[in-house]
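K.L.:
So I've got this file, entry16.txt, and it contains compact mmCIF, C-alpha atoms:
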```
# COMPACT_ATOMS: atom_id res chain seq x y z
CA MET A 37 -13.64 0.28 -40.65
CA LYS A 38 -10.29 1.00 -39.06
CA ASP A 39 -10.59 2.47 -35.58
CA PHE A 40 -8.45 5.57 -35.22
CA GLY A 41 -9.62 6.18 -31.67
CA PHE A 42 -11.86 9.10 -32.52
CA GLY A 43 -14.94 7.68 -30.86
CA ILE A 44 -17.73 9.76 -29.41
CA LYS A 45 -16.94 10.62 -25.84
CA LYS A 46 -19.63 10.29 -23.22
CA SER A 47 -20.63 13.64 -21.72
CA GLY A 48 -19.37 14.30 -18.21
CA VAL A 49 -22.37 16.51 -17.48
CA ILE A 50 -24.80 15.20 -14.91
CA ASP A 51 -28.23 15.53 -16.49
CA LEU A 52 -30.60 15.37 -13.55
CA ASP A 53 -33.60 15.22 -15.89
CA LYS A 54 -32.46 11.76 -16.97
CA ALA A 55 -30.95 10.64 -13.68
CA ASP A 56 -32.13 7.41 -12.09
CA MET A 57 -33.21 8.44 -8.58
CA SER A 58 -34.81 5.09 -7.77
CA LEU A 59 -31.81 3.71 -5.85
CA MET A 60 -31.69 6.82 -3.70
CA ARG A 61 -35.36 6.48 -2.80
CA GLU A 62 -35.09 2.75 -2.04
CA ILE A 63 -32.05 3.17 0.20
CA ALA A 64 -33.56 6.18 1.99
CA ALA A 65 -36.71 4.14 2.64
CA GLU A 66 -34.79 1.26 4.22
CA GLU A 67 -32.00 3.30 5.85
CA PRO A 68 -33.27 6.85 6.58
CA SER A 69 -29.90 7.96 7.95
CA PHE A 70 -28.69 7.87 4.33
CA LEU A 71 -30.31 11.28 3.91
CA HIS A 72 -28.45 12.80 6.84
CA CYS A 73 -25.02 13.04 5.17
CA PHE A 74 -23.64 16.56 4.83
CA TYR A 75 -20.56 15.52 2.87
CA CYS A 76 -17.86 16.33 5.41
CA GLY A 77 -15.64 13.52 4.12
CA THR A 78 -14.71 12.07 7.52
CA CYS A 79 -15.69 8.62 6.24
CA THR A 80 -13.37 8.92 3.26
CA ALA A 81 -10.52 10.24 5.37
CA THR A 82 -10.60 7.21 7.64
CA CYS A 83 -11.40 4.59 4.99
CA SER A 84 -8.85 1.77 4.73
CA ALA A 85 -9.98 0.79 1.25
CA GLY A 86 -9.68 4.38 0.12
CA LYS A 87 -5.98 4.37 0.88
CA TYR A 88 -5.31 1.75 -1.78
CA THR A 89 -8.20 2.12 -4.21
CA GLY A 90 -10.32 4.94 -5.53
CA PHE A 91 -13.10 4.11 -3.09
CA ASN A 92 -14.73 7.26 -1.70
CA LEU A 93 -17.88 6.78 0.35
CA ARG A 94 -18.75 10.48 0.48
CA ARG A 95 -18.64 10.67 -3.30
CA LEU A 96 -20.48 7.40 -3.67
CA GLN A 97 -23.41 8.55 -1.54
CA LEU A 98 -23.62 11.74 -3.57
CA LEU A 99 -23.47 9.83 -6.87
CA ILE A 100 -26.47 7.78 -5.73
CA LYS A 101 -28.32 11.01 -4.92
CA ARG A 102 -27.51 12.30 -8.42
CA GLY A 103 -28.58 9.02 -10.01
CA GLN A 104 -25.12 8.25 -11.47
CA LEU A 105 -25.29 4.51 -10.88
CA ASP A 106 -22.61 3.37 -13.37
CA GLU A 107 -19.82 4.89 -11.31
CA VAL A 108 -21.38 3.52 -8.12
CA SER A 109 -21.39 -0.01 -9.45
CA GLU A 110 -17.77 0.27 -10.60
CA ARG A 111 -16.61 1.20 -7.11
CA ILE A 112 -18.90 -0.38 -4.54
CA SER A 113 -17.07 -3.73 -4.35
CA GLU A 114 -13.92 -1.98 -3.12
CA CYS A 115 -15.50 -1.48 0.31
CA MET A 116 -14.37 -4.11 2.83
CA LEU A 117 -17.23 -3.35 5.24
CA CYS A 118 -14.81 -2.71 8.13
CA GLY A 119 -17.18 -0.05 9.48
CA LYS A 120 -14.64 2.57 10.52
CA CYS A 121 -16.60 5.15 8.54
CA GLN A 122 -19.61 4.50 10.73
CA TRP A 123 -17.56 5.06 13.87
CA VAL A 124 -16.38 8.48 12.74
CA CYS A 125 -19.52 9.77 11.00
CA PRO A 126 -20.75 12.89 12.88
CA LYS A 127 -24.27 12.49 11.50
CA GLY A 128 -24.68 8.88 12.54
CA VAL A 129 -25.18 7.54 9.03
CA ASN A 130 -25.39 3.75 9.09
CA THR A 131 -22.79 3.55 6.35
CA ARG A 132 -22.31 -0.23 6.38
CA HIS A 133 -26.00 -0.75 5.93
CA VAL A 134 -25.96 1.75 3.08
CA VAL A 135 -23.12 -0.11 1.33
CA MET A 136 -24.84 -3.48 1.82
CA LEU A 137 -28.10 -2.09 0.47
CA VAL A 138 -26.30 -0.65 -2.56
CA ASN A 139 -24.73 -4.04 -3.27
CA LYS A 140 -28.01 -5.86 -2.88
CA LYS A 141 -30.05 -3.46 -4.98
CA LEU A 142 -27.52 -3.13 -7.78
CA HIS A 143 -27.45 -6.96 -7.91
CA ALA A 144 -31.20 -7.02 -8.20
CA ARG A 145 -30.94 -4.53 -11.08
CA LYS A 146 -28.20 -6.73 -12.60
CA ILE A 147 -26.02 -3.64 -12.86
CA ARG A 148 -23.44 -5.56 -10.85
CA MET B 219 -38.27 67.73 31.23
CA GLU B 220 -38.55 64.58 29.19
CA ASP B 221 -35.90 63.82 26.58
CA VAL B 222 -36.93 63.68 22.94
CA ILE B 223 -35.64 61.12 20.48
CA VAL B 224 -36.31 61.05 16.75
CA VAL B 225 -36.26 57.56 15.28
CA ILE B 226 -35.75 57.49 11.51
CA GLY B 227 -37.48 54.44 10.06
CA GLY B 228 -40.55 52.57 11.25
CA GLY B 229 -39.46 49.00 10.59
CA PRO B 230 -38.86 46.42 13.35
CA ALA B 231 -35.70 48.19 14.60
CA GLY B 232 -37.37 51.60 14.81
CA MET B 233 -40.50 50.20 16.47
CA GLU B 234 -38.63 48.11 19.03
CA ALA B 235 -36.23 50.93 19.90
CA ALA B 236 -39.18 53.32 20.29
CA LEU B 237 -40.89 50.87 22.65
CA SER B 238 -37.73 50.51 24.75
CA LEU B 239 -37.15 54.26 24.91
CA ALA B 240 -40.80 54.98 25.76
CA GLY B 241 -40.56 52.38 28.52
CA ARG B 242 -37.73 54.42 30.01
CA GLY B 243 -39.91 57.54 30.01
CA HIS B 244 -38.57 59.26 26.90
CA LYS B 245 -40.65 60.93 24.20
CA VAL B 246 -40.17 59.32 20.78
CA TYR B 247 -41.09 60.41 17.28
CA ILE B 248 -40.94 57.69 14.63
CA VAL B 249 -40.46 59.16 11.17
CA GLU B 250 -41.52 56.67 8.51
CA LYS B 251 -41.23 57.38 4.79
CA THR B 252 -44.08 55.08 3.69
CA ASN B 253 -47.68 55.24 4.84
CA ALA B 254 -47.40 52.48 7.47
CA LEU B 255 -45.11 50.96 10.08
CA GLY B 256 -43.66 47.48 9.60
CA GLY B 257 -40.92 47.67 6.98
CA HIS B 258 -40.01 44.39 5.32
CA LEU B 259 -41.68 42.43 8.13
CA ALA B 260 -45.10 43.48 6.81
CA ARG B 261 -44.39 41.69 3.54
CA TRP B 262 -43.22 38.39 5.03
CA ASP B 263 -45.39 35.32 5.65
CA ARG B 264 -43.62 33.12 8.20
CA LEU B 265 -40.36 33.59 10.07
CA PHE B 266 -37.45 31.21 10.57
CA PRO B 267 -36.53 29.18 12.54
CA GLN B 268 -39.94 28.09 13.88
CA GLN B 269 -42.39 29.33 11.26
CA ASP B 270 -43.94 32.02 13.44
CA PRO B 271 -46.43 34.13 11.45
CA ALA B 272 -44.78 37.50 10.68
CA GLN B 273 -48.12 39.26 11.00
CA GLU B 274 -48.50 38.19 14.65
CA ILE B 275 -45.08 39.57 15.58
CA LEU B 276 -45.89 42.81 13.77
CA ASN B 277 -49.33 43.08 15.38
CA ASP B 278 -47.80 42.68 18.85
CA MET B 279 -45.37 45.50 18.13
CA LEU B 280 -48.09 47.75 16.69
CA ALA B 281 -50.27 47.11 19.74
CA GLY B 282 -47.36 48.07 21.99
CA ILE B 283 -46.89 51.32 20.13
CA LYS B 284 -50.60 52.09 20.29
CA ASN B 285 -50.54 51.47 24.06
CA ALA B 286 -47.68 53.91 24.44
CA ASP B 287 -49.26 56.67 22.36
CA ASP B 288 -48.61 59.23 25.10
CA LYS B 289 -44.90 58.62 24.58
CA ILE B 290 -44.62 57.53 20.93
CA GLU B 291 -45.79 59.67 18.04
CA VAL B 292 -45.74 58.07 14.60
CA ILE B 293 -45.25 60.38 11.64
CA CYS B 294 -45.83 58.51 8.37
CA ASN B 295 -45.25 59.73 4.81
CA ALA B 296 -42.40 61.90 6.04
CA GLN B 297 -38.65 62.03 5.70
CA VAL B 298 -35.90 63.92 7.43
CA GLN B 299 -34.99 67.02 5.49
CA SER B 300 -32.19 68.36 7.63
CA VAL B 301 -30.54 67.95 11.00
CA LYS B 302 -28.78 70.91 12.58
CA LYS B 303 -26.76 71.06 15.76
CA ARG B 304 -28.18 73.39 18.40
CA MET B 305 -26.87 74.52 21.78
CA ARG B 306 -28.70 71.60 23.32
CA GLY B 307 -29.46 68.70 21.03
CA LEU B 308 -30.43 68.58 17.40
CA GLU B 309 -33.00 70.42 15.30
CA VAL B 310 -34.67 67.90 13.00
CA MET B 311 -36.65 69.31 10.07
CA LEU B 312 -39.09 66.94 8.35
CA SER B 313 -40.37 66.97 4.78
CA ASN B 314 -43.84 67.93 6.07
CA GLN B 315 -42.29 71.14 7.52
CA LYS B 316 -42.64 69.85 11.08
CA MET B 317 -39.64 70.73 13.27
CA ILE B 318 -38.59 68.62 16.25
CA LEU B 319 -35.97 69.59 18.82
CA ALA B 320 -34.36 66.27 19.66
CA ASP B 321 -31.88 65.24 22.29
CA ALA B 322 -30.85 62.23 20.22
CA VAL B 323 -31.53 60.78 16.79
CA LEU B 324 -31.66 57.06 16.10
CA VAL B 325 -31.22 55.94 12.51
CA CYS B 326 -33.10 52.71 11.71
CA CYS B 327 -33.49 53.01 7.96
CA GLY B 328 -32.95 49.29 7.40
CA PHE B 329 -31.99 47.62 4.15
CA ASP B 330 -33.16 47.21 0.58
CA LEU B 331 -33.45 43.83 -1.07
CA PHE B 332 -30.96 43.21 -3.86
CA ARG B 333 -32.54 43.91 -7.24
CA ALA B 334 -32.39 40.49 -8.89
CA GLU B 335 -32.62 42.01 -12.40
CA ARG B 336 -28.99 43.02 -11.98
CA LYS B 337 -27.97 39.36 -12.30
CA GLU B 338 -29.33 39.20 -15.82
CA GLU B 339 -28.04 35.66 -16.38
CA TYR B 340 -30.51 34.47 -13.72
CA GLY B 341 -33.45 35.66 -15.83
CA TYR B 342 -35.46 37.66 -13.30
CA GLY B 343 -37.90 39.91 -15.13
CA ILE B 344 -37.14 37.98 -18.32
CA TYR B 345 -38.59 34.53 -17.64
CA ASP B 346 -42.01 34.24 -16.02
CA ASN B 347 -41.11 31.44 -13.62
CA VAL B 348 -38.12 33.12 -12.01
CA LEU B 349 -39.11 34.62 -8.63
CA THR B 350 -37.28 36.22 -5.75
CA SER B 351 -37.52 34.95 -2.18
CA ALA B 352 -39.70 37.99 -1.41
CA ASP B 353 -42.07 37.17 -4.31
CA LEU B 354 -42.35 33.63 -3.00
CA GLU B 355 -43.13 34.89 0.51
CA GLU B 356 -45.99 36.93 -0.96
CA ARG B 357 -47.36 33.75 -2.58
CA PHE B 358 -47.01 31.77 0.63
CA LYS B 359 -49.31 34.35 2.20
CA HIS B 360 -52.00 33.20 -0.23
CA LYS B 361 -51.07 29.51 0.29
CA LYS B 362 -50.61 29.10 -3.44
CA VAL B 363 -47.37 28.91 -5.39
CA LEU B 364 -48.15 28.23 -9.02
CA CYS B 365 -46.25 28.53 -12.27
CA ALA B 366 -47.10 31.33 -14.68
CA ASP B 367 -49.44 29.00 -16.60
CA GLY B 368 -51.26 27.95 -13.43
CA ARG B 369 -49.61 24.55 -13.00
CA VAL B 370 -48.41 23.24 -9.65
CA PRO B 371 -44.59 23.18 -9.88
CA GLU B 372 -43.07 19.70 -9.95
CA LYS B 373 -39.47 20.84 -9.64
CA VAL B 374 -38.33 23.97 -7.84
CA ALA B 375 -34.76 25.23 -7.44
CA PHE B 376 -33.53 27.78 -4.92
CA VAL B 377 -30.41 29.79 -5.68
CA HIS B 378 -28.49 30.98 -2.63
CA CYS B 379 -26.27 34.09 -2.51
CA VAL B 380 -28.04 36.16 -5.19
CA GLY B 381 -26.47 39.60 -4.80
CA SER B 382 -24.32 38.39 -1.91
CA ARG B 383 -20.65 37.33 -1.92
CA ASP B 384 -20.49 38.62 -5.47
CA GLU B 385 -17.86 41.16 -6.50
CA LYS B 386 -19.60 41.64 -9.85
CA VAL B 387 -22.39 43.51 -8.07
CA ASP B 388 -20.04 45.07 -5.48
CA HIS B 389 -21.55 43.04 -2.65
CA THR B 390 -18.67 41.06 -1.23
CA TYR B 391 -20.41 40.34 2.07
CA CYS B 392 -22.75 37.56 3.23
CA SER B 393 -26.36 38.66 3.83
CA LYS B 394 -26.70 36.15 6.69
CA VAL B 395 -30.40 35.37 6.40
CA CYS B 396 -30.74 33.95 2.87
CA CYS B 397 -29.34 30.45 3.61
CA VAL B 398 -31.76 29.78 6.40
CA THR B 399 -34.62 31.45 4.49
CA ALA B 400 -33.90 29.17 1.52
CA VAL B 401 -34.06 26.13 3.79
CA LYS B 402 -37.28 27.43 5.34
CA GLN B 403 -38.89 28.14 1.97
CA ALA B 404 -37.74 24.80 0.52
CA CYS B 405 -39.50 23.03 3.40
CA GLU B 406 -42.60 25.20 2.92
CA ILE B 407 -42.76 24.23 -0.76
CA LYS B 408 -42.63 20.57 0.31
CA GLU B 409 -45.36 21.19 2.91
CA LEU B 410 -47.55 22.76 0.25
CA TYR B 411 -46.69 20.30 -2.55
CA PRO B 412 -45.21 17.08 -1.07
CA GLN B 413 -44.71 15.61 -4.55
CA ALA B 414 -42.44 18.44 -5.67
CA GLU B 415 -38.68 17.88 -6.02
CA VAL B 416 -36.77 20.74 -4.45
CA PHE B 417 -33.11 21.62 -5.10
CA ASN B 418 -31.06 24.15 -3.16
CA LEU B 419 -27.96 25.46 -4.93
CA TYR B 420 -25.57 26.80 -2.34
CA MET B 421 -21.90 27.77 -2.03
CA ASP B 422 -21.68 27.32 1.74
CA LEU B 423 -24.60 26.64 4.01
CA ARG B 424 -24.32 29.13 6.82
CA MET B 425 -26.54 27.60 9.49
CA PHE B 426 -25.00 29.62 12.28
CA ASP B 427 -27.78 30.44 14.67
CA ARG B 428 -29.89 28.55 17.15
CA TYR B 429 -32.14 25.87 15.55
CA PHE B 430 -30.76 26.54 12.05
CA GLU B 431 -28.78 23.29 11.82
CA GLN B 432 -31.85 21.37 12.94
CA MET B 433 -33.83 23.03 10.14
CA TYR B 434 -31.22 21.91 7.61
CA HIS B 435 -31.30 18.38 9.03
CA LYS B 436 -35.10 18.29 8.80
CA ALA B 437 -35.02 19.64 5.24
CA GLN B 438 -32.80 16.69 4.26
CA SER B 439 -34.23 13.89 6.34
CA HIS B 440 -37.93 14.75 6.59
CA TYR B 441 -38.60 16.73 3.42
CA GLY B 442 -35.98 15.14 1.15
CA VAL B 443 -34.73 18.48 -0.17
CA HIS B 444 -31.71 18.02 -2.46
CA PHE B 445 -28.73 20.19 -1.57
CA VAL B 446 -26.29 20.86 -4.39
CA ARG B 447 -23.04 22.64 -3.65
CA GLY B 448 -22.50 24.91 -6.61
CA ARG B 449 -23.46 28.36 -7.78
CA LEU B 450 -25.92 28.82 -10.63
CA SER B 451 -24.09 29.92 -13.75
CA GLU B 452 -26.99 30.56 -16.08
CA VAL B 453 -30.61 29.81 -16.78
CA SER B 454 -32.47 29.57 -20.07
CA GLU B 455 -36.09 28.95 -20.91
CA THR B 456 -37.15 25.76 -22.65
CA ALA B 457 -39.73 25.68 -25.45
CA ASP B 458 -42.43 24.69 -22.96
CA GLY B 459 -41.74 27.55 -20.57
CA ARG B 460 -39.66 25.59 -18.09
CA LEU B 461 -36.18 26.61 -17.01
CA GLN B 462 -32.93 24.81 -17.68
CA ILE B 463 -30.29 25.67 -15.14
CA LYS B 464 -26.56 24.97 -15.19
CA THR B 465 -24.25 24.61 -12.25
CA GLU B 466 -21.35 22.50 -11.13
CA ASP B 467 -21.87 19.87 -8.49
CA THR B 468 -18.63 20.93 -6.83
CA LEU B 469 -18.66 18.00 -4.41
CA LEU B 470 -18.54 15.63 -7.39
CA GLY B 471 -16.47 17.94 -9.59
CA ARG B 472 -18.84 17.55 -12.50
CA PRO B 473 -21.01 20.02 -14.41
CA MET B 474 -24.72 19.52 -13.89
CA LYS B 475 -27.90 20.60 -15.60
CA ILE B 476 -31.52 20.26 -14.63
CA THR B 477 -34.85 21.50 -15.90
CA VAL B 478 -37.15 23.01 -13.29
CA ASP B 479 -40.59 24.60 -13.28
CA MET B 480 -39.72 27.42 -10.95
CA LEU B 481 -36.52 29.16 -9.90
CA VAL B 482 -36.35 31.14 -6.66
CA LEU B 483 -33.55 33.68 -6.24
CA MET B 484 -32.50 34.26 -2.63
CA VAL B 485 -31.94 38.00 -2.81
CA GLY B 486 -29.58 39.45 -0.23
CA MET B 487 -29.57 42.72 1.66
CA GLN B 488 -27.99 45.96 0.55
CA ALA B 489 -27.69 49.38 2.15
CA CYS B 490 -30.97 51.23 1.68
CA ALA B 491 -31.38 53.83 -1.05
CA GLN B 492 -31.39 56.70 1.49
CA THR B 493 -27.97 55.79 2.90
CA GLU B 494 -25.97 58.40 1.01
CA GLU B 495 -28.50 61.17 1.56
CA LEU B 496 -28.75 60.42 5.29
CA SER B 497 -24.98 60.16 5.62
CA GLU B 498 -24.70 63.74 4.33
CA LYS B 499 -27.54 65.13 6.43
CA LEU B 500 -26.44 63.46 9.66
CA ASP B 501 -22.72 63.38 9.02
CA LEU B 502 -22.59 59.57 9.18
CA LYS B 503 -19.74 57.37 8.02
CA VAL B 504 -20.41 54.74 5.39
CA SER B 505 -18.24 51.65 5.04
CA ALA B 506 -16.28 51.57 1.79
CA SER B 507 -16.47 47.78 1.71
CA ASP B 508 -20.19 47.08 2.16
CA HIS B 509 -21.80 50.57 1.96
CA PHE B 510 -23.72 50.18 5.23
CA PHE B 511 -23.31 52.75 8.02
CA GLU B 512 -20.29 52.44 10.26
CA THR B 513 -20.61 52.47 14.03
CA LYS B 514 -18.01 53.83 16.43
CA ASP B 515 -16.80 50.31 17.08
CA LEU B 516 -18.14 46.78 16.84
CA PHE B 517 -18.15 46.09 20.56
CA LEU B 518 -18.99 48.62 23.25
CA LYS B 519 -20.08 51.44 20.91
CA GLY B 520 -21.91 49.27 18.42
CA ASN B 521 -24.90 51.64 18.28
CA TYR B 522 -23.00 54.94 18.33
CA ALA B 523 -22.51 56.94 15.15
CA HIS B 524 -19.34 59.00 14.90
CA THR B 525 -21.41 62.16 15.41
CA LYS B 526 -22.50 63.13 18.92
CA GLY B 527 -26.15 62.44 19.70
CA ILE B 528 -26.69 60.17 16.73
CA PHE B 529 -27.19 56.45 17.06
CA LEU B 530 -27.71 53.52 14.70
CA ALA B 531 -29.66 50.27 14.95
CA GLY B 532 -30.86 47.41 12.80
CA ALA B 533 -29.88 46.37 9.30
CA CYS B 534 -28.63 49.84 8.35
CA THR B 535 -25.36 48.76 9.97
CA GLY B 536 -25.13 45.51 8.03
CA PRO B 537 -27.33 42.46 7.33
CA LYS B 538 -29.22 41.16 10.34
CA SER B 539 -31.89 38.60 11.06
CA LEU B 540 -35.06 39.81 12.75
CA PRO B 541 -34.02 38.61 16.25
CA ASP B 542 -30.63 40.31 15.76
CA THR B 543 -32.35 43.51 14.64
CA LEU B 544 -34.69 43.56 17.64
CA GLN B 545 -31.83 42.98 20.05
CA ASP B 546 -29.77 45.65 18.35
CA ALA B 547 -32.70 48.07 18.70
CA ARG B 548 -33.00 47.39 22.45
CA SER B 549 -29.27 47.81 22.81
CA ALA B 550 -29.45 51.14 20.96
CA ALA B 551 -32.20 52.28 23.33
CA GLU B 552 -29.95 51.39 26.26
CA SER B 553 -27.05 53.31 24.71
CA ILE B 554 -29.26 56.37 24.14
CA HIS B 555 -30.63 56.19 27.67
CA ARG B 556 -27.11 56.09 29.09
CA TYR B 557 -26.07 58.99 26.86
CA LEU B 558 -29.06 61.09 27.96
CA THR B 559 -28.73 60.35 31.66
CA ALA B 560 -24.92 60.64 31.86
```
If you took the structure in this file and wrote it as structure tokens, what would it be?

P.N.:
Amino acid sequence: MKDFGFGIKKSGVIDLDKADMSLMREIAAEEPSFLHCFYCGTCTATCSAGKYTGFNLRRLQLLIKRGQLDEVSERISECMLCGKCQWVCPKGVNTRHVVMLVNKKLHARKIR
Amino acid sequence: MEDVIVVIGGGPAGMEAALSLAGRGHKVYIVEKTNALGGHLARWDRLFPQQDPAQEILNDMLAGIKNADDKIEVICNAQVQSVKKRMRGLEVMLSNQKMILADAVLVCCGFDLFRAERKEEYGYGIYDNVLTSADLEERFKHKKVLCADGRVPEKVAFVHCVGSRDEKVDHTYCSKVCCVTAVKQACEIKELYPQAEVFNLYMDLRMFDRYFEQMYHKAQSHYGVHFVRGRLSEVSETADGRLQIKTEDTLLGRPMKITVDMLVLMVGMQACAQTEELSEKLDLKVSASDHFFETKDLFLKGNYAHTKGIFLAGACTGPKSLPDTLQDARSAAESIHRYLTA
């Protein structure tokens, strides 16, 4: 059939009933400071990768907590692990460890 | 001759002010409209920020009043009928026909909780598993918070700012205590049912006072409470009696929905029902913006009404936490003492 581009669009609504919270739990278990974030955005403001890509660590942490892992896996490789975010974080979140854990665990899930 | 002060309202503000005034040698009459002292405090289980039992605080105050019974007379089931200016002081007529010649009157009529039914889209009084923060407190007293069908709730959501910061209900102000109460109650749900998932839907988290930020931190790190920045738009019941709620996760910029077993509405404070009546009888000014009583100023005359001999304390001059209310009551007692001894 000829494709006219009228495909079914994926809903943008976050459905928490179907969200995959397993990554959040695993990261929180190995890096408890992951739960301390209060979404101030200091990490994103200072992020070198964020200047040139769509990488946003504040958003990424929240997406994990809402179980939206597709978007996480699309973006996580943009982080260069420079660690500036960790220097500026007022809540002492071990952000590099969080990013490394995300990479490792998404690999294990073969999402990445 | 000892000075006589009539305190209108036997909640925490009225009780604490009476104790302070009695301690300075004045004679105090507490006029309470219900059949007991205590106000809203009597209906609360534990108090933020350190989970002190409300009953213990109340019992301490009641014991103090009993100890001072030569100076403090409690008149329950009574209201002020009229207040007339006399050569010296004020003539206060009560609904039980008792007349008191007072040198000063202190208004401590407190607040009413916002009636959650007014936010119909939140389903209070319509769906069985929608509670207010006050309803939940009542259940905490019995150490049991169950759904209408007797199940232990697996998912509970708290909605901040119900009846606060909402022009649709003519309450544009912040009620101050609901944010921290929501954090407290979220933690208490987790203490009671560690397996439960708890979500707090907030617009801003106003953790302004001592220990509040630590409570928020503990709610996140120790109890794993989920904080979602977004206001509840609507709730509807599912076929199995659960509740589907819709909000926006404003930090992600995406709409969000979730099904929960129980929804708790953090009802704010509003000026008490007697405000208008008392404002006429005592010639008090009421703020056009929030409908609470106005004081002479917000600094050095923060307990003075615009009328001579009349003072104000507690949540009748705007939302206050319990510590704020108690301090305001002591400060009112000091103001009255200065006025009487000047």

K.L.:
Can you pull out the residues contacting Gly381 in chain B? Cut-off 10 Å, using only C-alpha atoms, and skip same-chain residues under 6 positions away; I want them as a list in words.

P.N.:
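What passes the distance filter is Leu331, Phe332, Arg333, Ala334, Arg336, Lys337, Val387, Asp388, His389, Thr390, Tyr391, Cys392, Ser393, Leu483, Met484, Val485, Gly486, Met487 and Gln488 of chain B.
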
K.L.:
Skip Lys146 in chain A itself and residues of its chain fewer than 4 positions away, then list as number ranges by chain all residues within 12 Å of it, counting only C-alpha atoms.

P.N.:
A: 105-106, 109, 138-142

K.L.:
List the spatial neighbours of range 49-53 of chain A as a PDB file with C-alpha atoms, keeping the file's coordinate frame - criterion: any atom at most 6 Å away, only C-alpha atoms, same-chain residues fewer than 5 positions off excluded.

P.N.:
```pdb
ATOM      1  CA  PRO B 473     -21.010  20.020 -14.410  1.00  0.00           C
ATOM      2  CA  MET B 474     -24.720  19.520 -13.890  1.00  0.00           C
ATOM      3  CA  LYS B 475     -27.900  20.600 -15.600  1.00  0.00           C
ATOM      4  CA  ILE B 476     -31.520  20.260 -14.630  1.00  0.00           C
TER       5      ILE B 476
END
```

K.L.:
Select, as number ranges by chain, those residues of chain B with any atom no more than 9 Å from chain A (distances computed using only C-alpha atoms).

P.N.:
B: 435-436, 438-440, 442, 444-445, 466-467, 469-470, 472-478

K.L.:
What does the structure give for the distance between CA of Asp501 in chain B and CA of His524 in chain B, in Å to one decimal?

P.N.:
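Spanning CA of Asp501 in chain B to CA of His524 in chain B is a straight-line distance of 8.1 Å.
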
K.L.:
If you count only C-alpha atoms, which residues fall within 8 Å of range 531-540 of chain B, apart from same-chain ones fewer than 4 positions away, as a CSV table (one decimal) with C-alpha atoms, in the coordinates of the input?

P.N.:
```
chain,number,residue,atom,x,y,z
B,230,PRO,CA,-38.9,46.4,13.4
B,231,ALA,CA,-35.7,48.2,14.6
B,232,GLY,CA,-37.4,51.6,14.8
B,324,LEU,CA,-31.7,57.1,16.1
B,325,VAL,CA,-31.2,55.9,12.5
B,326,CYS,CA,-33.1,52.7,11.7
B,327,CYS,CA,-33.5,53.0,8.0
B,328,GLY,CA,-33.0,49.3,7.4
B,329,PHE,CA,-32.0,47.6,4.2
B,392,CYS,CA,-22.8,37.6,3.2
B,393,SER,CA,-26.4,38.7,3.8
B,394,LYS,CA,-26.7,36.2,6.7
B,395,VAL,CA,-30.4,35.4,6.4
B,487,MET,CA,-29.6,42.7,1.7
B,488,GLN,CA,-28.0,46.0,0.6
B,489,ALA,CA,-27.7,49.4,2.2
B,490,CYS,CA,-31.0,51.2,1.7
B,508,ASP,CA,-20.2,47.1,2.2
B,510,PHE,CA,-23.7,50.2,5.2
B,511,PHE,CA,-23.3,52.8,8.0
B,512,GLU,CA,-20.3,52.4,10.3
B,513,THR,CA,-20.6,52.5,14.0
B,521,ASN,CA,-24.9,51.6,18.3
B,544,LEU,CA,-34.7,43.6,17.6
B,546,ASP,CA,-29.8,45.6,18.4
B,547,ALA,CA,-32.7,48.1,18.7
B,550,ALA,CA,-29.4,51.1,21.0
```

K.L.:
Hey, what's within 10 Å of Val224 in chain B if we count only C-alpha atoms and toss same-chain stuff fewer than 4 positions away? As a PDB file with C-alpha atoms, keeping the file's coordinate frame, please?

P.N.:
```
ATOM      1  CA  GLY B 232     -37.370  51.600  14.810  1.00  0.00           C
ATOM      2  CA  ALA B 236     -39.180  53.320  20.290  1.00  0.00           C
ATOM      3  CA  LYS B 245     -40.650  60.930  24.200  1.00  0.00           C
ATOM      4  CA  VAL B 246     -40.170  59.320  20.780  1.00  0.00           C
ATOM      5  CA  TYR B 247     -41.090  60.410  17.280  1.00  0.00           C
ATOM      6  CA  ILE B 248     -40.940  57.690  14.630  1.00  0.00           C
ATOM      7  CA  VAL B 249     -40.460  59.160  11.170  1.00  0.00           C
ATOM      8  CA  ILE B 290     -44.620  57.530  20.930  1.00  0.00           C
ATOM      9  CA  GLU B 291     -45.790  59.670  18.040  1.00  0.00           C
ATOM     10  CA  VAL B 298     -35.900  63.920   7.430  1.00  0.00           C
ATOM     11  CA  LEU B 308     -30.430  68.580  17.400  1.00  0.00           C
ATOM     12  CA  VAL B 310     -34.670  67.900  13.000  1.00  0.00           C
ATOM     13  CA  ILE B 318     -38.590  68.620  16.250  1.00  0.00           C
ATOM     14  CA  LEU B 319     -35.970  69.590  18.820  1.00  0.00           C
ATOM     15  CA  ALA B 320     -34.360  66.270  19.660  1.00  0.00           C
ATOM     16  CA  ASP B 321     -31.880  65.240  22.290  1.00  0.00           C
ATOM     17  CA  ALA B 322     -30.850  62.230  20.220  1.00  0.00           C
ATOM     18  CA  VAL B 323     -31.530  60.780  16.790  1.00  0.00           C
ATOM     19  CA  LEU B 324     -31.660  57.060  16.100  1.00  0.00           C
ATOM     20  CA  VAL B 325     -31.220  55.940  12.510  1.00  0.00           C
ATOM     21  CA  ILE B 528     -26.690  60.170  16.730  1.00  0.00           C
TER      22      ILE B 528
END
```

K.L.:
Which protein, DNA or RNA residues are at most 8 Å from (-43.0, 53.8, 6.9) in the file's coordinates when you count only C-alpha atoms, listed as an NGL selection string?

P.N.:
:B and (227-229 or 249-257 or 294-295)
